[in-house]
file protein_6.cif (mmCIF, C-alpha atoms)
data_model
loop_
_atom_site.group_PDB
_atom_site.id
_atom_site.type_symbol
_atom_site.label_atom_id
_atom_site.label_comp_id
_atom_site.auth_asym_id
_atom_site.auth_seq_id
_atom_site.Cartn_x
_atom_site.Cartn_y
_atom_site.Cartn_z
ATOM 1 C CA MET A 1 116.666 142.918 120.100
ATOM 2 C CA GLU A 2 117.088 141.766 116.550
ATOM 3 C CA ASN A 3 115.698 138.444 115.463
ATOM 4 C CA ILE A 4 118.017 135.714 114.321
ATOM 5 C CA ARG A 5 117.268 135.652 110.622
ATOM 6 C CA SER A 6 119.581 133.210 109.021
ATOM 7 C CA ARG A 7 117.769 129.867 108.708
ATOM 8 C CA THR A 8 120.966 127.880 108.909
ATOM 9 C CA LYS A 9 122.016 129.648 112.038
ATOM 10 C CA LYS A 10 118.581 129.075 113.498
ATOM 11 C CA LEU A 11 118.763 125.381 112.720
ATOM 12 C CA ALA A 12 122.208 125.070 114.261
ATOM 13 C CA ILE A 13 121.085 126.898 117.380
ATOM 14 C CA LEU A 14 118.017 124.727 117.673
ATOM 15 C CA ALA A 15 120.196 121.631 117.396
ATOM 16 C CA MET A 16 122.400 122.919 120.193
ATOM 17 C CA MET A 17 119.336 123.634 122.303
ATOM 18 C CA LEU A 18 118.094 120.111 121.748
ATOM 19 C CA ALA A 19 121.464 118.696 122.780
ATOM 20 C CA LEU A 20 121.437 120.928 125.844
ATOM 21 C CA ILE A 21 117.920 120.033 126.868
ATOM 22 C CA THR A 22 118.535 116.303 126.549
ATOM 23 C CA VAL A 23 121.641 116.512 128.719
ATOM 24 C CA VAL A 24 119.874 118.618 131.349
ATOM 25 C CA SER A 25 116.902 116.280 131.284
ATOM 26 C CA ALA A 26 119.118 113.208 131.667
ATOM 27 C CA LEU A 27 121.096 114.752 134.526
ATOM 28 C CA GLU A 28 117.960 115.910 136.316
ATOM 29 C CA HIS A 29 116.546 112.438 136.133
ATOM 30 C CA MET A 30 119.648 110.972 137.730
ATOM 31 C CA LEU A 31 119.155 113.044 140.854
ATOM 32 C CA PRO A 32 117.298 111.381 143.709
ATOM 33 C CA PRO A 33 113.614 112.281 144.047
ATOM 34 C CA LEU A 34 112.955 115.514 145.927
ATOM 35 C CA PRO A 35 111.700 115.073 149.493
ATOM 36 C CA LEU A 36 107.982 115.428 150.236
ATOM 37 C CA LEU A 37 107.172 115.329 146.545
ATOM 38 C CA PRO A 38 105.910 112.593 144.242
ATOM 39 C CA PRO A 39 109.021 111.001 142.785
ATOM 40 C CA HIS A 40 108.374 111.935 139.154
ATOM 41 C CA VAL A 41 108.644 115.653 139.923
ATOM 42 C CA ARG A 42 111.976 117.053 138.824
ATOM 43 C CA LEU A 43 113.763 120.385 139.191
ATOM 44 C CA GLY A 44 112.412 121.681 135.899
ATOM 45 C CA LEU A 45 115.709 123.074 134.674
ATOM 46 C CA SER A 46 115.081 121.778 131.174
ATOM 47 C CA ASN A 47 112.267 124.319 130.995
ATOM 48 C CA VAL A 48 114.955 127.013 131.095
ATOM 49 C CA VAL A 49 116.122 125.878 127.663
ATOM 50 C CA THR A 50 112.574 125.669 126.324
ATOM 51 C CA MET A 51 111.707 129.109 127.617
ATOM 52 C CA TYR A 52 114.837 130.696 126.235
ATOM 53 C CA THR A 53 114.054 129.173 122.857
ATOM 54 C CA LEU A 54 110.474 130.420 123.078
ATOM 55 C CA PHE A 55 111.321 133.972 124.045
ATOM 56 C CA PHE A 56 114.375 134.553 121.902
ATOM 57 C CA ILE A 57 114.301 132.178 118.972
ATOM 58 C CA GLY A 58 110.701 131.544 118.102
ATOM 59 C CA ARG A 59 107.459 129.810 119.009
ATOM 60 C CA GLY A 60 107.694 127.119 116.364
ATOM 61 C CA PRO A 61 111.208 126.111 117.348
ATOM 62 C CA ALA A 62 110.233 126.063 121.017
ATOM 63 C CA VAL A 63 107.236 123.808 120.458
ATOM 64 C CA ALA A 64 109.392 121.563 118.272
ATOM 65 C CA LEU A 65 111.990 121.475 121.042
ATOM 66 C CA ALA A 66 109.397 120.467 123.626
ATOM 67 C CA PHE A 67 108.136 117.744 121.339
ATOM 68 C CA LEU A 68 111.620 116.431 120.589
ATOM 69 C CA LYS A 69 112.455 116.386 124.271
ATOM 70 C CA SER A 70 109.456 114.159 124.866
ATOM 71 C CA LEU A 71 110.651 111.953 122.045
ATOM 72 C CA PHE A 72 114.014 111.707 123.760
ATOM 73 C CA VAL A 73 112.338 110.727 127.023
ATOM 74 C CA PHE A 74 110.331 108.105 125.156
ATOM 75 C CA LEU A 75 113.517 106.656 123.654
ATOM 76 C CA MET A 76 115.375 106.613 126.938
ATOM 77 C CA ARG A 77 112.702 105.703 129.455
ATOM 78 C CA GLY A 78 109.808 104.174 127.620
ATOM 79 C CA ALA A 79 106.331 105.033 126.445
ATOM 80 C CA ALA A 80 104.784 105.907 129.790
ATOM 81 C CA ALA A 81 107.472 108.444 130.683
ATOM 82 C CA GLY A 82 107.413 109.789 127.136
ATOM 83 C CA PHE A 83 103.663 110.292 127.233
ATOM 84 C CA LEU A 84 103.882 112.129 130.528
ATOM 85 C CA SER A 85 106.621 114.358 129.183
ATOM 86 C CA LEU A 86 104.619 115.024 126.031
ATOM 87 C CA CYS A 87 101.435 115.981 127.863
ATOM 88 C CA GLY A 88 103.238 118.074 130.433
ATOM 89 C CA GLY A 89 105.537 119.740 127.945
ATOM 90 C CA MET A 90 102.867 120.543 125.350
ATOM 91 C CA LEU A 91 100.363 121.861 127.869
ATOM 92 C CA SER A 92 103.086 123.914 129.513
ATOM 93 C CA ILE A 93 104.347 125.580 126.363
ATOM 94 C CA CYS A 94 100.848 126.206 125.018
ATOM 95 C CA VAL A 95 99.880 127.900 128.265
ATOM 96 C CA ILE A 96 103.005 130.053 128.242
ATOM 97 C CA ILE A 97 102.390 131.088 124.640
ATOM 98 C CA LEU A 98 98.719 131.828 125.357
ATOM 99 C CA LEU A 99 99.470 133.744 128.541
ATOM 100 C CA SER A 100 102.145 135.748 126.814
ATOM 101 C CA ALA A 101 99.902 136.540 123.846
ATOM 102 C CA LEU A 102 96.724 137.296 125.775
ATOM 103 C CA THR A 103 98.428 139.740 128.113
ATOM 104 C CA ARG A 104 100.150 141.481 125.228
ATOM 105 C CA ASN A 105 103.652 140.587 126.361
ATOM 106 C CA ARG A 106 103.314 142.406 129.649
ATOM 107 C CA VAL A 107 103.646 139.353 131.894
ATOM 108 C CA SER A 108 107.000 138.915 133.573
ATOM 109 C CA TYR A 109 109.365 136.045 132.917
ATOM 110 C CA LEU A 110 108.956 134.749 136.451
ATOM 111 C CA LEU A 111 105.199 134.463 136.178
ATOM 112 C CA LEU A 112 105.473 132.733 132.819
ATOM 113 C CA SER A 113 107.979 130.318 134.275
ATOM 114 C CA GLU A 114 105.714 129.580 137.219
ATOM 115 C CA ALA A 115 102.689 129.117 134.980
ATOM 116 C CA GLY A 116 104.705 126.797 132.777
ATOM 117 C CA ALA A 117 105.909 124.728 135.708
ATOM 118 C CA VAL A 118 102.492 124.351 137.315
ATOM 119 C CA THR A 119 100.795 123.423 134.056
ATOM 120 C CA HIS A 120 103.618 121.018 133.275
ATOM 121 C CA ASN A 121 102.825 119.193 136.507
ATOM 122 C CA ILE A 122 99.114 119.284 135.810
ATOM 123 C CA GLY A 123 99.668 117.944 132.294
ATOM 124 C CA GLN A 124 101.704 115.062 133.669
ATOM 125 C CA MET A 125 99.031 114.365 136.255
ATOM 126 C CA LEU A 126 96.352 114.245 133.565
ATOM 127 C CA ALA A 127 98.511 111.916 131.491
ATOM 128 C CA ALA A 128 99.001 109.597 134.468
ATOM 129 C CA SER A 129 95.281 109.496 135.204
ATOM 130 C CA LEU A 130 94.673 108.623 131.559
ATOM 131 C CA ILE A 131 97.118 105.729 131.639
ATOM 132 C CA LEU A 132 95.865 104.408 134.946
ATOM 133 C CA GLN A 133 92.191 104.987 134.092
ATOM 134 C CA THR A 134 91.582 106.436 137.540
ATOM 135 C CA ASP A 135 91.338 109.848 139.157
ATOM 136 C CA ILE A 136 93.102 108.959 142.391
ATOM 137 C CA VAL A 137 96.165 110.909 141.255
ATOM 138 C CA PHE A 138 94.278 114.186 141.674
ATOM 139 C CA TYR A 139 94.891 113.832 145.385
ATOM 140 C CA TYR A 140 98.304 115.294 144.586
ATOM 141 C CA LEU A 141 97.002 118.437 142.872
ATOM 142 C CA PRO A 142 97.807 120.801 145.789
ATOM 143 C CA VAL A 143 101.304 119.376 146.159
ATOM 144 C CA LEU A 144 101.938 119.734 142.446
ATOM 145 C CA VAL A 145 100.656 123.315 142.356
ATOM 146 C CA VAL A 146 102.782 124.351 145.327
ATOM 147 C CA SER A 147 105.876 122.578 144.050
ATOM 148 C CA GLY A 148 105.204 124.021 140.581
ATOM 149 C CA ILE A 149 105.216 127.519 142.035
ATOM 150 C CA LEU A 150 108.406 126.931 143.993
ATOM 151 C CA LEU A 151 110.319 125.085 141.286
ATOM 152 C CA GLY A 152 108.954 127.422 138.625
ATOM 153 C CA GLY A 153 110.576 130.203 140.589
ATOM 154 C CA LEU A 154 113.802 128.250 140.552
ATOM 155 C CA SER A 155 113.811 127.720 136.799
ATOM 156 C CA GLY A 156 112.701 131.309 136.211
ATOM 157 C CA THR A 157 115.666 132.497 138.232
ATOM 158 C CA ALA A 158 117.951 130.138 136.351
ATOM 159 C CA LEU A 159 116.609 131.584 133.093
ATOM 160 C CA ARG A 160 117.431 135.059 134.301
ATOM 161 C CA ILE A 161 120.967 133.959 135.102
ATOM 162 C CA VAL A 162 121.734 132.135 131.863
ATOM 163 C CA MET A 163 119.963 134.605 129.585
ATOM 164 C CA PRO A 164 122.917 136.978 129.127
ATOM 165 C CA VAL A 165 125.298 134.055 128.700
ATOM 166 C CA PHE A 166 123.113 132.539 125.987
ATOM 167 C CA HIS A 167 122.692 135.923 124.317
ATOM 168 C CA LYS A 168 126.414 136.385 124.188
ATOM 169 C CA THR A 169 127.166 132.884 122.953
ATOM 170 C CA LEU A 170 124.535 133.083 120.250
ATOM 171 C CA GLY A 171 125.661 136.486 119.077
ATOM 172 C CA ARG A 172 122.781 138.636 120.270
ATOM 173 C CA GLU A 173 123.152 141.893 122.107
ATOM 174 C CA MET B 174 110.499 141.334 123.462
ATOM 175 C CA SER B 175 111.822 142.959 126.565
ATOM 176 C CA ARG B 176 109.858 142.362 129.693
ATOM 177 C CA ALA B 177 110.437 142.530 133.392
ATOM 178 C CA PHE B 178 111.827 139.579 135.211
ATOM 179 C CA VAL B 179 109.558 140.037 138.190
ATOM 180 C CA THR B 180 107.187 142.717 139.412
ATOM 181 C CA LYS B 181 105.609 143.455 142.780
ATOM 182 C CA LYS B 182 102.263 142.302 141.408
ATOM 183 C CA ASP B 183 103.775 138.940 140.561
ATOM 184 C CA ILE B 184 105.101 138.421 144.071
ATOM 185 C CA ALA B 185 101.678 139.211 145.475
ATOM 186 C CA VAL B 186 99.889 136.795 143.145
ATOM 187 C CA LEU B 187 102.388 134.037 143.798
ATOM 188 C CA ALA B 188 102.346 134.585 147.542
ATOM 189 C CA VAL B 189 98.559 134.286 147.611
ATOM 190 C CA LEU B 190 98.597 131.091 145.546
ATOM 191 C CA LEU B 191 101.378 129.622 147.626
ATOM 192 C CA ILE B 192 99.650 130.361 150.910
ATOM 193 C CA ALA B 193 96.372 128.981 149.604
ATOM 194 C CA GLY B 194 98.093 125.830 148.443
ATOM 195 C CA LEU B 195 99.977 125.327 151.689
ATOM 196 C CA ALA B 196 96.814 125.983 153.674
ATOM 197 C CA ALA B 197 94.991 123.313 151.684
ATOM 198 C CA LEU B 198 97.776 120.870 152.406
ATOM 199 C CA GLY B 199 97.802 121.795 156.075
ATOM 200 C CA VAL B 200 94.068 121.344 156.482
ATOM 201 C CA ARG B 201 94.282 117.997 154.748
ATOM 202 C CA ALA B 202 97.137 116.867 156.966
ATOM 203 C CA LEU B 203 95.209 117.755 160.106
ATOM 204 C CA ASN B 204 92.033 116.022 158.992
ATOM 205 C CA SER B 205 93.354 112.756 157.650
ATOM 206 C CA PRO B 206 91.713 109.662 159.121
ATOM 207 C CA GLU B 207 93.452 106.441 160.052
ATOM 208 C CA ALA B 208 94.653 104.294 157.194
ATOM 209 C CA ALA B 209 93.196 100.806 157.191
ATOM 210 C CA THR B 210 93.474 99.172 153.774
ATOM 211 C CA ALA B 211 95.428 99.410 150.566
ATOM 212 C CA GLN B 212 93.713 99.017 147.214
ATOM 213 C CA ILE B 213 95.474 97.843 144.087
ATOM 214 C CA LEU B 214 94.060 98.912 140.726
ATOM 215 C CA LEU B 215 94.902 97.513 137.317
ATOM 216 C CA ASP B 216 93.690 99.567 134.343
ATOM 217 C CA GLY B 217 91.446 101.454 136.717
ATOM 218 C CA VAL B 218 89.789 98.357 138.143
ATOM 219 C CA ALA B 219 90.318 97.328 141.749
ATOM 220 C CA VAL B 220 91.854 93.866 141.683
ATOM 221 C CA LYS B 221 93.007 93.459 145.246
ATOM 222 C CA THR B 222 92.448 94.973 148.650
ATOM 223 C CA VAL B 223 94.724 94.252 151.574
ATOM 224 C CA ARG B 224 94.507 95.149 155.217
ATOM 225 C CA LEU B 225 97.433 97.149 156.491
ATOM 226 C CA ASP B 226 97.539 95.526 159.906
ATOM 227 C CA GLN B 227 99.070 92.349 158.499
ATOM 228 C CA ASP B 228 102.635 92.394 157.202
ATOM 229 C CA GLN B 229 102.802 90.640 153.855
ATOM 230 C CA ILE B 230 104.389 90.587 150.420
ATOM 231 C CA PHE B 231 102.265 89.953 147.346
ATOM 232 C CA GLU B 232 102.119 90.295 143.573
ATOM 233 C CA VAL B 233 99.506 92.149 141.619
ATOM 234 C CA PRO B 234 96.937 89.731 140.157
ATOM 235 C CA GLY B 235 97.508 89.879 136.414
ATOM 236 C CA ARG B 236 100.924 91.501 136.771
ATOM 237 C CA PRO B 237 103.078 89.063 138.701
ATOM 238 C CA GLN B 238 106.208 91.072 137.912
ATOM 239 C CA VAL B 239 104.919 93.881 140.147
ATOM 240 C CA GLN B 240 105.367 93.155 143.838
ATOM 241 C CA LEU B 241 104.163 95.070 146.858
ATOM 242 C CA GLU B 242 104.815 94.834 150.553
ATOM 243 C CA VAL B 243 102.777 95.730 153.607
ATOM 244 C CA SER B 244 104.869 96.546 156.632
ATOM 245 C CA GLU B 245 104.113 98.419 159.860
ATOM 246 C CA GLY B 246 100.757 99.648 158.637
ATOM 247 C CA ARG B 247 102.044 101.000 155.346
ATOM 248 C CA CYS B 248 102.269 99.694 151.806
ATOM 249 C CA ALA B 249 104.816 100.112 149.031
ATOM 250 C CA PHE B 250 105.877 98.837 145.641
ATOM 251 C CA ILE B 251 109.042 96.817 146.142
ATOM 252 C CA ARG B 252 109.706 95.270 142.752
ATOM 253 C CA SER B 253 108.732 95.935 139.158
ATOM 254 C CA ASP B 254 110.036 95.465 135.642
ATOM 255 C CA CYS B 255 109.484 99.092 134.613
ATOM 256 C CA PRO B 256 112.403 101.208 133.316
ATOM 257 C CA ASP B 257 112.139 104.030 135.867
ATOM 258 C CA HIS B 258 111.032 102.383 139.121
ATOM 259 C CA ILE B 259 109.134 105.502 140.051
ATOM 260 C CA CYS B 260 106.646 103.196 141.753
ATOM 261 C CA VAL B 261 109.319 101.814 144.035
ATOM 262 C CA LYS B 262 110.787 105.258 144.630
ATOM 263 C CA SER B 263 107.408 106.383 145.962
ATOM 264 C CA GLY B 264 108.213 104.493 149.119
ATOM 265 C CA PHE B 265 105.817 103.354 151.803
ATOM 266 C CA LEU B 266 102.409 104.987 151.878
ATOM 267 C CA GLY B 267 100.402 105.251 155.061
ATOM 268 C CA THR B 268 97.949 108.142 154.759
ATOM 269 C CA PRO B 269 94.486 107.716 153.207
ATOM 270 C CA GLY B 270 94.331 109.292 149.773
ATOM 271 C CA GLU B 271 98.007 108.744 149.080
ATOM 272 C CA SER B 272 98.740 106.793 145.951
ATOM 273 C CA ALA B 273 101.606 105.431 143.925
ATOM 274 C CA ALA B 274 101.610 103.889 140.505
ATOM 275 C CA CYS B 275 103.628 101.866 138.052
ATOM 276 C CA LEU B 276 102.571 103.515 134.809
ATOM 277 C CA PRO B 277 104.081 101.101 132.291
ATOM 278 C CA ASN B 278 102.198 98.289 134.027
ATOM 279 C CA ARG B 279 99.149 100.483 134.617
ATOM 280 C CA VAL B 280 99.079 99.478 138.269
ATOM 281 C CA ALA B 281 97.964 101.931 140.929
ATOM 282 C CA LEU B 282 98.114 101.642 144.690
ATOM 283 C CA ARG B 283 95.993 103.734 146.970
ATOM 284 C CA ILE B 284 95.464 103.891 150.697
ATOM 285 C CA LEU B 285 91.901 103.854 151.952
ATOM 286 C CA PRO B 286 90.685 105.168 155.313
ATOM 287 C CA GLY B 287 89.307 103.140 158.191
ATOM 288 C CA ASP B 288 85.695 103.110 157.131
ATOM 289 C CA GLY B 289 86.693 101.158 154.053
ATOM 290 C CA GLU B 290 84.953 103.526 151.678
ATOM 291 C CA GLY B 291 87.749 105.271 149.815
ATOM 292 C CA GLY B 292 85.813 107.606 147.584
ATOM 293 C CA SER B 293 87.708 109.151 144.719
ATOM 294 C CA GLY B 294 90.330 111.849 144.716
ATOM 295 C CA VAL B 295 87.831 114.463 143.581
ATOM 296 C CA ASP B 296 84.836 115.714 145.487
ATOM 297 C CA ALA B 297 82.367 115.531 142.635
ATOM 298 C CA VAL B 298 82.278 114.623 139.001
ATOM 299 C CA ALA B 299 79.842 116.268 136.604
ATOM 300 C CA GLY B 300 78.327 114.410 133.687
#
call {"tool": "encode", "arguments": {"input": "protein_6.cif", "output": "structure tokens"}}
result
Amino acid sequence: MENIRSRTKKLAILAMMLALITVVSALEHMLPPLPLLPPHVRLGLSNVVTMYTLFFIGRGPAVALAFLKSLFVFLMRGAAAGFLSLCGGMLSICVIILLSALTRNRVSYLLLSEAGAVTHNIGQMLAASLILQTDIVFYYLPVLVVSGILLGGLSGTALRIVMPVFHKTLGRE
Amino acid sequence: MSRAFVTKKDIAVLAVLLIAGLAALGVRALNSPEAATAQILLDGVAVKTVRLDQDQIFEVPGRPQVQLEVSEGRCAFIRSDCPDHICVKSGFLGTPGESAACLPNRVALRILPGDGEGGSGVDAVAG
């Protein structure tokens, strides 16, 4: 597939992605907490936008998107939530980039999505333990890994579904 | 960059991880002791311990805007000035090891087992 070369077009697309991710993030947060899970765990659909940006627009833009999303969370919900989003988001995207690079692009989208989701949860957990100055939150590690796998599968599937739609809208083949 | 969406290898890896994770949770659920007390931490320091056999409502020492309730052997955050109220949404906790927290206020709640010695969430810490 050809890369999107025009810088202006890239900037406009990135802006649209940011708008999209903030709306998805806001909507997700309005949903009630999922049963059996710690209440801060969300569906992870905003990762669909981040992953699409990473795979089809560029690494820099994707990292910037993740950072800006955390900034949005900080503005809307305060420093604690923003810090959690930052830690989770940055760890998640770094792991996806690393995994993708180290395995020479042979890893499937689903596995990358799962890895991203699990590490996002772990990043948030680390951030929470930092704020609280205690390690009691690690009790939830198994729950977060399992839910990361399941919800990572959900967002990976969502990525698969929206991919052709995004391609078409953005003018790619 | 064209790659597969999912391969058989992926399903196998994920299935193994999922089963391992669920098994860990199952074993933990079967082995959990009776809950006896709730511990409140502020900035990582235990500031209050309450028995769960007495219904009560109390504020966190040092954070009077954060209120907790003990009811029917379980404890929960019931009021806080934080923007998200994730603490309150955590509901009532009754199993040892469970915890909830109000991050903006840096308050954590954890349930300790009957012998009173909670231990930490990890088995060992190096260094």
call {"tool": "resolve_selection", "arguments": {"input": "protein_6.cif", "expression": "the PyMOL selection byres ((chain A) within 7 of (chain B))", "output": "PyMOL selection string"}}
result
chain A and resi 38-40+77-78+80+106+108-111+131-139+142+146
call {"tool": "atom_distance", "arguments": {"input": "protein_6.cif", "atom1": "atom CA of A:Ala15", "atom2": "atom CA of A:Val41"}}
result
26.0 Å
call {"tool": "resolve_selection", "arguments": {"input": "protein_6.cif", "expression": "the PyMOL selection byres ((chain B and resi 221) around 8)", "output": "count of residues only"}}
result
9
call {"tool": "closest_residue", "arguments": {"input": "protein_6.cif", "among": "A:Gly148, A:Val143, A:Arg172, A:Ser100", "to": "B:Ala202", "atoms": "all atoms listed in the file"}}
result
A:Val143
call {"tool": "atom_distance", "arguments": {"input": "protein_6.cif", "atom1": "atom CA of A:Arg104", "atom2": "atom CA of A:Leu54"}}
result
15.3 Å
call {"tool": "resolve_selection", "arguments": {"input": "protein_6.cif", "expression": "the PyMOL selection byres ((chain A and resi 21) around 8)", "output": "list in words"}}
result
Met17, Leu18, Ala19, Leu20, Thr22, Val23, Val24, Ser25, Ser46, Val49, Thr50 and Lys69 of chain A
call {"tool": "decode", "arguments": {"input": "protein_6.cif", "residues": "stretch 85-108 of chain A", "atoms": "N, CA and C atoms", "output": "compact mmCIF listing (two decimals), in the first residue's frame"}}
result
# COMPACT_ATOMS: atom_id res chain seq x y z
N SER A 85 -3.84 7.28 31.98
CA SER A 85 -3.97 7.16 30.53
C SER A 85 -2.61 7.30 29.85
N LEU A 86 -1.80 8.22 30.36
CA LEU A 86 -0.47 8.43 29.78
C LEU A 86 0.40 7.19 29.94
N CYS A 87 0.46 6.66 31.15
CA CYS A 87 1.29 5.48 31.40
C CYS A 87 0.80 4.29 30.59
N GLY A 88 -0.51 4.06 30.64
CA GLY A 88 -1.06 2.93 29.91
C GLY A 88 -0.87 3.08 28.42
N GLY A 89 -1.19 4.26 27.91
CA GLY A 89 -1.11 4.50 26.48
C GLY A 89 0.32 4.43 25.95
N MET A 90 1.26 5.03 26.66
CA MET A 90 2.65 5.06 26.19
C MET A 90 3.27 3.66 26.24
N LEU A 91 3.04 2.97 27.36
CA LEU A 91 3.57 1.61 27.46
C LEU A 91 2.98 0.73 26.36
N SER A 92 1.69 0.87 26.16
CA SER A 92 1.00 0.06 25.16
C SER A 92 1.56 0.29 23.76
N ILE A 93 1.69 1.53 23.36
CA ILE A 93 2.14 1.78 22.00
C ILE A 93 3.61 1.44 21.83
N CYS A 94 4.41 1.64 22.85
CA CYS A 94 5.82 1.26 22.76
C CYS A 94 5.95 -0.25 22.60
N VAL A 95 5.16 -1.00 23.35
CA VAL A 95 5.21 -2.45 23.25
C VAL A 95 4.77 -2.92 21.88
N ILE A 96 3.72 -2.31 21.34
CA ILE A 96 3.26 -2.71 20.01
C ILE A 96 4.33 -2.41 18.97
N ILE A 97 4.94 -1.24 19.06
CA ILE A 97 5.99 -0.88 18.10
C ILE A 97 7.17 -1.85 18.22
N LEU A 98 7.58 -2.12 19.45
CA LEU A 98 8.70 -3.04 19.69
C LEU A 98 8.39 -4.44 19.16
N LEU A 99 7.22 -4.93 19.53
CA LEU A 99 6.81 -6.28 19.11
C LEU A 99 6.78 -6.38 17.60
N SER A 100 6.23 -5.35 16.99
CA SER A 100 6.12 -5.34 15.53
C SER A 100 7.51 -5.29 14.89
N ALA A 101 8.41 -4.51 15.46
CA ALA A 101 9.74 -4.37 14.89
C ALA A 101 10.59 -5.61 15.13
N LEU A 102 10.55 -6.13 16.35
CA LEU A 102 11.40 -7.27 16.70
C LEU A 102 11.02 -8.53 15.94
N THR A 103 9.75 -8.68 15.60
CA THR A 103 9.34 -9.89 14.89
C THR A 103 9.27 -9.66 13.40
N ARG A 104 9.91 -8.56 12.97
CA ARG A 104 9.99 -8.26 11.54
C ARG A 104 8.63 -8.27 10.86
N ASN A 105 7.67 -7.60 11.50
CA ASN A 105 6.35 -7.42 10.89
C ASN A 105 5.61 -8.70 10.59
N ARG A 106 5.96 -9.78 11.29
CA ARG A 106 5.25 -11.02 10.98
C ARG A 106 4.11 -11.28 11.96
N VAL A 107 4.04 -10.49 13.04
CA VAL A 107 3.00 -10.74 14.04
C VAL A 107 1.66 -10.24 13.53
N SER A 108 0.61 -10.98 13.85
CA SER A 108 -0.71 -10.62 13.33
C SER A 108 -1.29 -9.43 14.09
